[in-house]
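What follows is a short report on a single structure.
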Protein chains: 2
Amino acid sequence: MRKRIDVDLEEGAIRETGLTGETLWLGGRALADTILSSEVPPTCHPLGLRNILVFAPGLLAGTTLPSAGRMSVAGKSPLTGGTKESNVGGMAGTILARLGIGAVVIRGASDTPPQKVVLIGENRAELTDMPELRHLGNYEAVEILKRRFGENVVIISIGPCGEMKMAAATVAVTDTGGRPCRHAGRGGLGAVMGSKGLKAIVIDSVDVPLREVVDQGAFAEAVKEYASILRSSKRVAFWRQNGTAGLVDVSQARGSLPTRNFSSGVYEEKDHVNADRLKALVAERGGTMGHSCMKGCMVQCSNVFRDSQYRYLTSGLEYETIAMMGPNLGIGDLDTIAQIDFRCDDYGIDTIEIGATLGILTETELFRFGDSKRAIELIDGIGKGSLLGRILGQGAVTTGKVFGIVRIPAVKGQALPAHEARAIKGLGVTYATSPQGADHTAGFVSEETLSREGHTERSRNAQVNMAIVDSLGLCQLTGLRSEYSLFARLMGSLTGKTPCEQEIRQIGMAALGRERAFNLAAGIGAGQDRLPEFLRSEPLPPHNTVFDVEDDDLDRVFIE
Amino acid sequence: MRKRIDVDLEEGAIRETGLTGETLWLGGRALADTILSSEVPPTCHPLGLRNILVFAPGLLAGTTLPSAGRMSVAGKSPLTGGTKESNVGGMAGTILARLGIGAVVIRGASDTPPQKVVLIGENRAELTDMPELRHLGNYEAVEILKRRFGENVVIISIGPCGEMKMAAATVAVTDTGGRPCRHAGRGGLGAVMGSKGLKAIVIDSVDVPLREVVDQGAFAEAVKEYASILRSSKRVAFWRQNGTAGLVDVSQARGSLPTRNFSSGVYEEKDHVNADRLKALVAERGGTMGHSCMKGCMVQCSNVFRDSQYRYLTSGLEYETIAMMGPNLGIGDLDTIAQIDFRCDDYGIDTIEIGATLGILTETELFRFGDSKRAIELIDGIGKGSLLGRILGQGAVTTGKVFGIVRIPAVKGQALPAHEARAIKGLGVTYATSPQGADHTAGFVSEETLSREGHTERSRNAQVNMAIVDSLGLCQLTGLRSEYSLFARLMGSLTGKTPCEQEIRQIGMAALGRERAFNLAAGIGAGQDRLPEFLRSEPLPPHNTVFDVEDDDLDRVFIE
């Protein structure tokens with residue numbers, strides 16, 4: 001039976017219990033939102049005492065299944081005011097799962113600023129104070145923690161943005177290289193962690209065995225099939241070769257690359273920021289392509305990027321960051337983008353939200369497109385908590401309010417990611433209707449049709465399947481999202497009880513149902529299942545299309 | 001038939017039409033929210049092209065009925081994101097009504113910054129440009145407008161805060177002295193006016209006759225009865241004698257006077273800011289008590305306050321401003337409060353919202369209780385649009401977000417007014433459930449019981465009656481709120497068709513229904529019908545009570 005670890009920072013107490021039978025097939029997102037729904041009053045303040053923060057490895061994490069160690073971080077979001085599951089790679093999901101832990105739940109708040117550290121190891125969970133970590137960036141904090149607890153620990157941490165309770169603050173997780181480069185980026189859960197006074201969770205990973213599997217043979221058989229699919233997948237090969245940066249050219253071709261504050265779907269300097277450019281710089285400077293964020297990954301979409309002086313900058317440079325900080329800000333320079341990425345990782349702030357925020361800031365005199373130096377300055381201001389930085393760190397909607405800007409690319413308080421809803425309308429339906437706010441990972445739809453029809457079903461299926469994938473801990477880049485029979489064999493041999501396909505679909509449907517119910521109880525009505533007005537009124541070059549899916553079709557997404 | 005004037009600032013066109021028969025009994029709030037509901041997409045951006053701004057005099061305004069010239073200003077609120085009716089005295093309601101105008105509707109937006117002026121006179125409505133008014137405070141703008149258009153015009157205007165689209169910006173209306181001292185203060189409608197590029201509406205009041213009344217004799221008879229009630233009312237006499245400042249002592253006695261950021265219901269220096277102190281200063285400096293904000297008022301709660309050099313400062317100094325800027329900020333000095341009031345009127349910003357905002361700012365190092373000089377500095381920063389000022393001008397919720405403050409006295413984005421919900425629980429129910437956000441004028445309940453029972457019905461009746469009073473244009477300080485048979489006689493003799501009592505109640509119920517439906521469609525669900533958590537968890541001195549009305553009782557308010 002998987003364990004659940006409850007850390008109460010108000011009492012300074014840690015309690016360990018077993019997860020009940022009803023959660024047999026629930027991991028990751030489904031388990032996290034189950035806990036959230038039953039333990040958090042939906043109307044509570046996200047940064048108040050009654051919110052909780054859940055870390056839940058996917059159901060299949062910690063096994064031999066490749067690319068399956070992802071973790072859900074969940075709580076009520078300070079950005080959206082609703083439910084939030086932010087999914088992250090790196091090593092934490094795998095190691096927590098191997099320790100037999102299904103969920104770590106943080107509640108209450110210490111009476112100190114964020115300096116608490118939770119230590120988790122085999123049969124051990126402790127709470128300690130490390131005031132020396134206060135105000136430190138993730139990189140420095142991780143170095144200090146590794147010096148104290150050992151080079152091989154896996155670390156979950158927040159940077160100064162989380163400590164300052166910024167609504168765009170992230171939770172960082174160390175990758176295979178022990179670097180805090182993987183972020184549960186969306187929805188400001190770093191601020192929730194900061195509000196609890198928690199700076200880091202340190203997980204001892206030495207000599208941790210694989211997870212127990214009920215039927216070893218059947219599991220190994222299913223894993224073999226899974227791995228063989230990944231091995232022969234052209235899609236997986238594409239990611240390994242190009243990283244997610246490969247999407248720059250794909251998006252440009254689709255006309256869905258957000259450019260200059262969502263005013264165009266194509267960027268004339270895209271060759272300066274695409275995968276070819278990335279690969280050339282990585283090769284020239286001794287970086288790495290095909291890097292893994294978690295052990296046993298067969299996708300290997302990550303990379304290690306060095307600056308012009310061959311110094312490590314980030315692992316790795318991802319499409320969303322490239323597009324939101326590059327084309328969306330008119331910055332056609334990977335080195336600037338990598339500098340920004342390093343800072344955002346270090347300060348602990350979401351590159352999507354901040355890319356969108358700087359985009360709208362071009363409507364004021366505080367920033368103009370293409371000004372790389374100023375972009376870096378502004379992000380340093382966020383990390384340092386300057387007055388302007390504190391505004392920007394709250395994300396696009398709050399920044400828009402403060403400066404009287406009306407054209408805000410956001411849904412339910414959360415900024416649109418780097419895939420234009422006017423060019424990929426099915427994805428627009430996901431942005432509008434996901435209980436998570438605008439989020440491409442909540443149900444990616446890539447059909448390029450410019451017709452307004454059929455998107456309801458596409459988005460519904462994508463959202464349900466993604467909820468399943470997020471619950472199992474699978475990487476969505478494998479492309480395996482609807483292979484229910486294979487999922488069933490893995491889940492059955494792992495747990496001893498095999499779900500039917502209907503039961504698997506129900507995991508996704510029920511998760512979405514709980515999340516939507518939470519939002520409704522929090523006061524977020526269906527009227528918020530809408531895209532910002534400019535996506536309906538401003539035609540997007542090059543196709544000159546607007547988002548024209550009918551409101552009725554949006555309202556049908558969750559009525560099967 | 002009353003007229004409706006539509007001003008389209010995008011087209012630069014003004015259109016006049018007649019109000020249809022269905023609106024026979026609808027004026028003020030009920031007429032405004034009818035127009036809002038049918039013409040504004042609830043999901044639109046409050047500062048975008050699709051929002052409108054409605055000015056609607058109460059149904060009985062412009063007649064011989066005393067204290068009945070109030071006006072509703074309405075639109076989608078940038079503060080709450082929902083429906084908004086902000087009710088205001090001054091001379092505009094009376095004169096618009098006498099011109100036969102039932103509603104002025106502003107739509108679209110000019111392509112210039114706010115410099116448009118609408119001129120309305122007998123059988124005339126024009127649009128003009130006055131760039132010389134840009135960035136001016138209400139006082140200076142009004143002086144310039146009077147020089148150009150005549151000393152006797154009535155003016156509706158915004159100050160720099162409305163021009164900067166701050167979510168706490170007000171719409172100012174000149175009073176009997178021609179001063180911009182009456183404000184539609186709540187919900188940021190000044191920002192909506194600013195977003196349309198409209199700086200002022202100038203109404204020519206010379207030689208405007210009384211409104212036509214269908215049955216003169218019966219109307220005069222009803223007016224006589226109404227006036228006689230007011231004449232013999234102790235309540236009205238209290239207001240005339242003390243102004244609303246009389247509530248300082250009343251609130252202190254009830255334990256409902258917000259003190260030091262809503263941490264106590266009594267203020268040890270209340271004698272420095274109460275009506276006795278006000279009257280003494282007014283007498284000493286040649287000011288006026290018993291001043292009228294509109295002609296023909298029998299309540300006369302206003303005053304003219306002069307500074308220690310005998311110079312005019314404000315007309316008048318009201319309870320909400322005194323409490324929110326005084327006790328709530330630990331400032332026990334009427335002169336400071338009057339200085340603040342003058343500035344807020346001039347800049348065009350809501351004293352309730354900003355009082356609450358400075359209150360929470362004491363949780364940072366930017367402000368401390370009792371620092372009068374700093375309070376004035378901060379408010380000057382708002383008027384001038386400093387970076388900090390731009391944050392504060394968005395009100396308490398946004399300021400709380402930016403500075404990571406959790407304890408925010410607000411409902412649906414709007415700050416609590418100066419009556420403690422923990423001491424007057426029925427009013428707390430109104431704050432929680434009103435479609436307007438926290439608003440004492442949305443349904444005042446004064447029962448002092450500390451029990452948790454019976455508040456649902458009290459608040460429901462108060463909200464329905466207040467919606468009726470706001471629709472008729474009556475001043476709520478008359479105390480006449482449920483005299484339906486008298487209302488019926490007035491409405492019947494005015495319009496030629498007499499409503500039954502049920503039909504009068506239905507005016508209020510239907511208005512609330514439309515407003516709630518608008519909110520729901522805007523995505524504001526019933527989950528937002530809640531007070532902030534600290535009111536349930538922190539006992540309020542001196543009674544040491546919390547707000548403990550059950551959620552179920554809140555959810556029953558609008559289910560009869």
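How things are named: the first chain in the structure tokens is A, the next is B, and so on; residues count from 1 in each chain; ligands count from 1 in the order shown.
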
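Contacts from chain A to chain B at a cut-off of 6 Å (only C-alpha atoms) map to A:Lys165, A:Arg390, A:Ile391, A:Val402, A:Gly404, A:Ala521, A:Ala522, A:Gly523, A:Ile524, A:Gly525, A:Ala526, A:Gly527, A:Gln528.
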
As a PDB file with N, CA and C atoms, in the first residue's frame, please: every residue in range 209-317 of chain A that DSSP puts in alpha helix (DSSP H).
```
ATOM      1  N   GLN A 216       5.021  -9.244 -11.712  1.00  0.00           N
ATOM      2  CA  GLN A 216       6.268  -8.827 -12.366  1.00  0.00           C
ATOM      3  C   GLN A 216       6.307  -9.155 -13.849  1.00  0.00           C
ATOM      4  N   GLY A 217       5.931 -10.394 -14.144  1.00  0.00           N
ATOM      5  CA  GLY A 217       6.045 -10.873 -15.521  1.00  0.00           C
ATOM      6  C   GLY A 217       5.157 -10.085 -16.466  1.00  0.00           C
ATOM      7  N   ALA A 218       3.908  -9.973 -16.103  1.00  0.00           N
ATOM      8  CA  ALA A 218       2.968  -9.261 -16.969  1.00  0.00           C
ATOM      9  C   ALA A 218       3.362  -7.803 -17.106  1.00  0.00           C
ATOM     10  N   PHE A 219       3.857  -7.223 -15.995  1.00  0.00           N
ATOM     11  CA  PHE A 219       4.266  -5.822 -16.052  1.00  0.00           C
ATOM     12  C   PHE A 219       5.431  -5.639 -17.024  1.00  0.00           C
ATOM     13  N   ALA A 220       6.431  -6.538 -16.889  1.00  0.00           N
ATOM     14  CA  ALA A 220       7.613  -6.462 -17.752  1.00  0.00           C
ATOM     15  C   ALA A 220       7.207  -6.599 -19.216  1.00  0.00           C
ATOM     16  N   GLU A 221       6.237  -7.457 -19.462  1.00  0.00           N
ATOM     17  CA  GLU A 221       5.760  -7.675 -20.827  1.00  0.00           C
ATOM     18  C   GLU A 221       5.145  -6.389 -21.396  1.00  0.00           C
ATOM     19  N   ALA A 222       4.317  -5.767 -20.573  1.00  0.00           N
ATOM     20  CA  ALA A 222       3.656  -4.533 -21.017  1.00  0.00           C
ATOM     21  C   ALA A 222       4.679  -3.409 -21.202  1.00  0.00           C
ATOM     22  N   VAL A 223       5.644  -3.352 -20.303  1.00  0.00           N
ATOM     23  CA  VAL A 223       6.697  -2.328 -20.416  1.00  0.00           C
ATOM     24  C   VAL A 223       7.464  -2.511 -21.718  1.00  0.00           C
ATOM     25  N   LYS A 224       7.717  -3.774 -22.037  1.00  0.00           N
ATOM     26  CA  LYS A 224       8.464  -4.076 -23.257  1.00  0.00           C
ATOM     27  C   LYS A 224       7.705  -3.546 -24.487  1.00  0.00           C
ATOM     28  N   GLU A 225       6.418  -3.800 -24.490  1.00  0.00           N
ATOM     29  CA  GLU A 225       5.598  -3.336 -25.614  1.00  0.00           C
ATOM     30  C   GLU A 225       5.595  -1.810 -25.686  1.00  0.00           C
ATOM     31  N   TYR A 226       5.456  -1.201 -24.511  1.00  0.00           N
ATOM     32  CA  TYR A 226       5.438   0.266 -24.412  1.00  0.00           C
ATOM     33  C   TYR A 226       6.744   0.834 -24.982  1.00  0.00           C
ATOM     34  N   ALA A 227       7.853   0.234 -24.534  1.00  0.00           N
ATOM     35  CA  ALA A 227       9.169   0.715 -24.955  1.00  0.00           C
ATOM     36  C   ALA A 227       9.362   0.509 -26.448  1.00  0.00           C
ATOM     37  N   SER A 228       8.829  -0.579 -26.927  1.00  0.00           N
ATOM     38  CA  SER A 228       9.007  -0.845 -28.349  1.00  0.00           C
ATOM     39  C   SER A 228       8.241   0.165 -29.194  1.00  0.00           C
ATOM     40  N   ILE A 229       7.085   0.565 -28.709  1.00  0.00           N
ATOM     41  CA  ILE A 229       6.327   1.605 -29.430  1.00  0.00           C
ATOM     42  C   ILE A 229       7.135   2.909 -29.452  1.00  0.00           C
ATOM     43  N   LEU A 230       7.692   3.261 -28.295  1.00  0.00           N
ATOM     44  CA  LEU A 230       8.462   4.520 -28.229  1.00  0.00           C
ATOM     45  C   LEU A 230       9.683   4.446 -29.147  1.00  0.00           C
ATOM     46  N   ARG A 231      10.310   3.236 -29.165  1.00  0.00           N
ATOM     47  CA  ARG A 231      11.530   3.086 -29.956  1.00  0.00           C
ATOM     48  C   ARG A 231      11.265   3.309 -31.442  1.00  0.00           C
ATOM     49  N   SER A 232      10.090   2.880 -31.881  1.00  0.00           N
ATOM     50  CA  SER A 232       9.818   2.991 -33.320  1.00  0.00           C
ATOM     51  C   SER A 232       9.010   4.250 -33.655  1.00  0.00           C
ATOM     52  N   LYS A 234       8.181   7.835 -34.679  1.00  0.00           N
ATOM     53  CA  LYS A 234       8.805   8.975 -35.358  1.00  0.00           C
ATOM     54  C   LYS A 234       8.677  10.243 -34.523  1.00  0.00           C
ATOM     55  N   ARG A 235       7.553  10.334 -33.834  1.00  0.00           N
ATOM     56  CA  ARG A 235       7.299  11.501 -33.007  1.00  0.00           C
ATOM     57  C   ARG A 235       8.356  11.622 -31.893  1.00  0.00           C
ATOM     58  N   VAL A 236       8.596  10.467 -31.233  1.00  0.00           N
ATOM     59  CA  VAL A 236       9.584  10.468 -30.149  1.00  0.00           C
ATOM     60  C   VAL A 236      10.974  10.812 -30.705  1.00  0.00           C
ATOM     61  N   ALA A 237      11.265  10.248 -31.891  1.00  0.00           N
ATOM     62  CA  ALA A 237      12.571  10.534 -32.506  1.00  0.00           C
ATOM     63  C   ALA A 237      12.711  12.028 -32.789  1.00  0.00           C
ATOM     64  N   PHE A 238      11.597  12.628 -33.201  1.00  0.00           N
ATOM     65  CA  PHE A 238      11.603  14.071 -33.481  1.00  0.00           C
ATOM     66  C   PHE A 238      11.946  14.876 -32.228  1.00  0.00           C
ATOM     67  N   TRP A 239      11.313  14.508 -31.102  1.00  0.00           N
ATOM     68  CA  TRP A 239      11.596  15.233 -29.859  1.00  0.00           C
ATOM     69  C   TRP A 239      13.051  15.064 -29.446  1.00  0.00           C
ATOM     70  N   ARG A 240      13.541  13.793 -29.580  1.00  0.00           N
ATOM     71  CA  ARG A 240      14.915  13.525 -29.140  1.00  0.00           C
ATOM     72  C   ARG A 240      15.906  14.353 -29.952  1.00  0.00           C
ATOM     73  N   GLN A 241      15.589  14.464 -31.245  1.00  0.00           N
ATOM     74  CA  GLN A 241      16.494  15.149 -32.156  1.00  0.00           C
ATOM     75  C   GLN A 241      16.438  16.678 -32.001  1.00  0.00           C
ATOM     76  N   ASN A 242      15.230  17.182 -31.848  1.00  0.00           N
ATOM     77  CA  ASN A 242      15.046  18.635 -31.897  1.00  0.00           C
ATOM     78  C   ASN A 242      14.700  19.279 -30.556  1.00  0.00           C
ATOM     79  N   LEU A 247       9.191  22.579 -32.245  1.00  0.00           N
ATOM     80  CA  LEU A 247       7.853  23.155 -32.468  1.00  0.00           C
ATOM     81  C   LEU A 247       7.890  24.564 -33.059  1.00  0.00           C
ATOM     82  N   VAL A 248       9.058  25.217 -32.998  1.00  0.00           N
ATOM     83  CA  VAL A 248       9.119  26.573 -33.570  1.00  0.00           C
ATOM     84  C   VAL A 248       8.772  26.512 -35.050  1.00  0.00           C
ATOM     85  N   ASP A 249       9.440  25.617 -35.778  1.00  0.00           N
ATOM     86  CA  ASP A 249       9.144  25.497 -37.218  1.00  0.00           C
ATOM     87  C   ASP A 249       7.721  24.976 -37.451  1.00  0.00           C
ATOM     88  N   VAL A 250       7.309  24.009 -36.626  1.00  0.00           N
ATOM     89  CA  VAL A 250       5.963  23.455 -36.774  1.00  0.00           C
ATOM     90  C   VAL A 250       4.916  24.559 -36.568  1.00  0.00           C
ATOM     91  N   SER A 251       5.106  25.345 -35.547  1.00  0.00           N
ATOM     92  CA  SER A 251       4.145  26.407 -35.249  1.00  0.00           C
ATOM     93  C   SER A 251       4.146  27.474 -36.335  1.00  0.00           C
ATOM     94  N   GLN A 252       5.346  27.816 -36.785  1.00  0.00           N
ATOM     95  CA  GLN A 252       5.425  28.806 -37.871  1.00  0.00           C
ATOM     96  C   GLN A 252       4.651  28.300 -39.093  1.00  0.00           C
ATOM     97  N   ALA A 253       4.829  27.026 -39.410  1.00  0.00           N
ATOM     98  CA  ALA A 253       4.151  26.459 -40.584  1.00  0.00           C
ATOM     99  C   ALA A 253       2.637  26.459 -40.398  1.00  0.00           C
ATOM    100  N   ARG A 254       2.206  26.226 -39.161  1.00  0.00           N
ATOM    101  CA  ARG A 254       0.767  26.241 -38.866  1.00  0.00           C
ATOM    102  C   ARG A 254       0.205  27.656 -38.759  1.00  0.00           C
ATOM    103  N   ALA A 275      14.848  25.081 -33.832  1.00  0.00           N
ATOM    104  CA  ALA A 275      15.644  23.926 -33.394  1.00  0.00           C
ATOM    105  C   ALA A 275      16.993  23.864 -34.113  1.00  0.00           C
ATOM    106  N   ASP A 276      17.008  24.221 -35.390  1.00  0.00           N
ATOM    107  CA  ASP A 276      18.287  24.190 -36.112  1.00  0.00           C
ATOM    108  C   ASP A 276      19.291  25.127 -35.462  1.00  0.00           C
ATOM    109  N   ARG A 277      18.801  26.302 -35.112  1.00  0.00           N
ATOM    110  CA  ARG A 277      19.676  27.281 -34.459  1.00  0.00           C
ATOM    111  C   ARG A 277      20.124  26.749 -33.087  1.00  0.00           C
ATOM    112  N   LEU A 278      19.187  26.177 -32.362  1.00  0.00           N
ATOM    113  CA  LEU A 278      19.504  25.614 -31.047  1.00  0.00           C
ATOM    114  C   LEU A 278      20.562  24.527 -31.174  1.00  0.00           C
ATOM    115  N   LYS A 279      20.348  23.614 -32.122  1.00  0.00           N
ATOM    116  CA  LYS A 279      21.296  22.493 -32.281  1.00  0.00           C
ATOM    117  C   LYS A 279      22.681  22.991 -32.683  1.00  0.00           C
ATOM    118  N   ALA A 280      22.696  24.011 -33.536  1.00  0.00           N
ATOM    119  CA  ALA A 280      23.996  24.551 -33.963  1.00  0.00           C
ATOM    120  C   ALA A 280      24.746  25.148 -32.772  1.00  0.00           C
ATOM    121  N   LEU A 281      24.022  25.919 -31.928  1.00  0.00           N
ATOM    122  CA  LEU A 281      24.675  26.543 -30.767  1.00  0.00           C
ATOM    123  C   LEU A 281      25.117  25.477 -29.756  1.00  0.00           C
ATOM    124  N   VAL A 282      24.253  24.477 -29.555  1.00  0.00           N
ATOM    125  CA  VAL A 282      24.581  23.412 -28.604  1.00  0.00           C
ATOM    126  C   VAL A 282      25.832  22.665 -29.082  1.00  0.00           C
ATOM    127  N   ALA A 283      25.893  22.360 -30.385  1.00  0.00           N
ATOM    128  CA  ALA A 283      27.041  21.634 -30.936  1.00  0.00           C
ATOM    129  C   ALA A 283      28.308  22.480 -30.793  1.00  0.00           C
ATOM    130  N   GLU A 284      28.196  23.737 -31.128  1.00  0.00           N
ATOM    131  CA  GLU A 284      29.333  24.653 -31.125  1.00  0.00           C
ATOM    132  C   GLU A 284      29.907  24.854 -29.722  1.00  0.00           C
ATOM    133  N   ARG A 285      29.012  24.822 -28.703  1.00  0.00           N
ATOM    134  CA  ARG A 285      29.445  25.189 -27.350  1.00  0.00           C
ATOM    135  C   ARG A 285      29.553  24.002 -26.401  1.00  0.00           C
TER     136      ARG A 285
END
```

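Excluding range 106-117 of chain B and any residue on its chain fewer than 2 positions from it, the residues at most 6 Å away by only C-alpha atoms are Val7, Asp8, Leu9, Glu10, Leu49, Ile52, Leu53, Leu127, Thr128, Asp129, Met130, Pro131, Arg134, Gly194, Lys196, Gly197, Leu198, Lys199, Ala200 and Ile201 of chain B.
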
So that I have them on file, write out the residues from the current selection with C-alpha atoms, as a PDB file, in the first residue's frame.
```
ATOM      1  CA  VAL B   7     -23.934  58.416 -27.287  1.00  0.00           C
ATOM      2  CA  ASP B   8     -21.663  56.312 -29.465  1.00  0.00           C
ATOM      3  CA  LEU B   9     -18.144  57.560 -28.989  1.00  0.00           C
ATOM      4  CA  GLU B  10     -16.717  55.288 -31.644  1.00  0.00           C
ATOM      5  CA  LEU B  49     -15.541  48.376 -26.496  1.00  0.00           C
ATOM      6  CA  ILE B  52     -21.572  50.517 -21.821  1.00  0.00           C
ATOM      7  CA  LEU B  53     -22.084  53.169 -19.168  1.00  0.00           C
ATOM      8  CA  LEU B 127     -20.380  65.970 -28.536  1.00  0.00           C
ATOM      9  CA  THR B 128     -17.311  68.154 -28.292  1.00  0.00           C
ATOM     10  CA  ASP B 129     -13.571  67.795 -27.734  1.00  0.00           C
ATOM     11  CA  MET B 130     -11.814  69.501 -24.880  1.00  0.00           C
ATOM     12  CA  PRO B 131      -8.220  68.300 -24.782  1.00  0.00           C
ATOM     13  CA  ARG B 134      -6.982  66.063 -19.839  1.00  0.00           C
ATOM     14  CA  GLY B 194     -12.313  56.887 -18.969  1.00  0.00           C
ATOM     15  CA  LYS B 196     -14.627  55.415 -23.505  1.00  0.00           C
ATOM     16  CA  GLY B 197     -12.621  58.598 -23.802  1.00  0.00           C
ATOM     17  CA  LEU B 198     -15.340  60.605 -22.050  1.00  0.00           C
ATOM     18  CA  LYS B 199     -14.217  63.269 -19.585  1.00  0.00           C
ATOM     19  CA  ALA B 200     -17.523  64.938 -18.774  1.00  0.00           C
ATOM     20  CA  ILE B 201     -21.221  65.329 -19.389  1.00  0.00           C
TER      21      ILE B 201
END
```

Report task. Using only C-alpha atoms, find the one residue out of A:Gly162, A:Gly426, A:Gly473, A:Gly359 that sits nearest to Glu453 in chain A. Result -> A:Gly426

List the spatial neighbours of Glu501 in chain A as a tab-separated table (two decimals) with N, CA and C atoms, in the first residue's frame - criterion: any atom at most 9 Å away, only C-alpha atoms, same-chain residues fewer than 2 positions off excluded.
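Result saved to selection-v2.tsv:
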```
chain	number	residue	atom	x	y	z
A	484	TYR	N	-5.64	2.72	-24.09
A	484	TYR	CA	-6.23	2.28	-22.83
A	484	TYR	C	-5.91	0.83	-22.51
A	485	SER	N	-5.85	-0.04	-23.53
A	485	SER	CA	-5.66	-1.47	-23.21
A	485	SER	C	-4.25	-1.71	-22.68
A	487	PHE	N	-2.52	0.66	-21.14
A	487	PHE	CA	-2.55	1.25	-19.79
A	487	PHE	C	-3.17	0.25	-18.80
A	488	ALA	N	-4.23	-0.43	-19.24
A	488	ALA	CA	-4.93	-1.36	-18.35
A	488	ALA	C	-4.00	-2.50	-17.92
A	499	PRO	N	-8.23	-2.58	-14.57
A	499	PRO	CA	-9.40	-1.79	-14.94
A	499	PRO	C	-9.85	-2.11	-16.37
A	503	GLU	N	-13.35	2.03	-17.19
A	503	GLU	CA	-12.85	2.50	-15.89
A	503	GLU	C	-11.65	3.45	-16.05
A	504	ILE	N	-10.88	3.19	-17.08
A	504	ILE	CA	-9.75	4.10	-17.32
A	504	ILE	C	-10.26	5.46	-17.77
A	505	ARG	N	-11.19	5.45	-18.71
A	505	ARG	CA	-11.75	6.73	-19.15
A	505	ARG	C	-12.37	7.47	-17.96
A	506	GLN	N	-12.99	6.70	-17.08
A	506	GLN	CA	-13.64	7.30	-15.92
A	506	GLN	C	-12.64	8.01	-14.99
```

Query raised in the report: Between A:His183, A:Arg260, A:His440, A:His135, which one has atoms that come closest to Leu358 in chain A, using only C-alpha atoms?
Result: A:Arg260

**Report entry** Spatial neighbours of range 317-334 of chain A, max dist 7 Å, only C-alpha atoms, sep filter under 3 positions, as a PyMOL selection string
**Finding:** chain A and resi 244-245+247-248+257-262+267+269-270+272-273+303+305+314+337-338+341+351-352+355-356+359+369-370+372+417-418

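What separates CA of Gly348 in chain A from CA of Thr170 in chain A is a distance of 5.0 Å.
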
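In this model, the gap between CA of Cys297 in chain B and CA of Leu60 in chain B comes to 13.3 Å.
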
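Interatomic distance, CA of Tyr431 in chain A to CA of Ala410 in chain A: 8.7 Å.
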
Query - Backbone-only DSSP, strand (DSSP E or B) members of range 2-109 of chain B, as a ChimeraX atom specification - result: /B:3-8,13-18,53-57,71-76,83-88,101-107

May I have the residues within 12 Å of Met71 in chain A as a tab-separated table (two decimals) with C-alpha atoms, in the first residue's frame, using only C-alpha atoms and disregarding those fewer than 6 positions away in the same chain?
```
chain	number	residue	atom	x	y	z
A	27	GLY	CA	-2.03	8.63	-8.79
A	28	GLY	CA	-0.74	12.00	-9.91
A	29	ARG	CA	-3.46	14.41	-10.93
A	30	ALA	CA	-6.43	12.18	-10.06
A	31	LEU	CA	-5.10	11.48	-6.58
A	32	ALA	CA	-4.08	15.10	-6.01
A	54	VAL	CA	-0.07	18.22	-2.75
A	55	PHE	CA	2.83	16.41	-4.42
A	56	ALA	CA	1.66	13.21	-6.07
A	57	PRO	CA	3.81	11.02	-8.36
A	58	GLY	CA	1.90	9.43	-11.21
A	59	LEU	CA	0.50	5.95	-10.59
A	60	LEU	CA	3.14	4.29	-12.78
A	61	ALA	CA	6.08	6.39	-11.54
A	62	GLY	CA	9.01	4.61	-9.90
A	85	GLU	CA	-2.63	20.71	-11.06
A	86	SER	CA	0.76	21.59	-12.43
A	87	ASN	CA	2.64	18.66	-13.91
A	88	VAL	CA	6.40	18.38	-13.71
A	89	GLY	CA	9.22	16.08	-14.82
A	90	GLY	CA	12.58	15.79	-13.13
A	91	MET	CA	13.46	13.19	-10.57
A	92	ALA	CA	11.04	13.78	-7.72
A	93	GLY	CA	8.12	11.72	-9.03
A	94	THR	CA	10.27	8.68	-9.60
A	95	ILE	CA	12.02	8.75	-6.23
A	96	LEU	CA	8.94	9.57	-4.16
A	97	ALA	CA	7.13	6.69	-5.83
A	101	ILE	CA	4.85	7.49	-1.31
A	102	GLY	CA	1.62	8.22	-3.13
A	103	ALA	CA	1.26	11.77	-1.91
A	104	VAL	CA	2.97	14.40	0.20
A	156	ILE	CA	11.85	20.34	-4.73
A	171	VAL	CA	7.87	24.92	-7.83
A	172	ALA	CA	11.28	23.69	-9.08
A	173	VAL	CA	12.35	20.06	-9.25
A	182	ARG	CA	12.08	21.31	-14.15
A	183	HIS	CA	9.22	23.46	-12.98
A	184	ALA	CA	5.63	22.95	-12.01
A	294	MET	CA	14.16	12.01	-15.53
A	469	VAL	CA	-1.90	10.57	-18.68
A	470	ASP	CA	-1.33	13.11	-15.87
A	471	SER	CA	-2.70	10.61	-13.38
A	472	LEU	CA	-0.52	7.76	-14.57
A	473	GLY	CA	2.59	9.98	-14.56
A	474	LEU	CA	3.28	9.50	-18.26
A	475	CYS	CA	5.11	12.05	-20.36
```
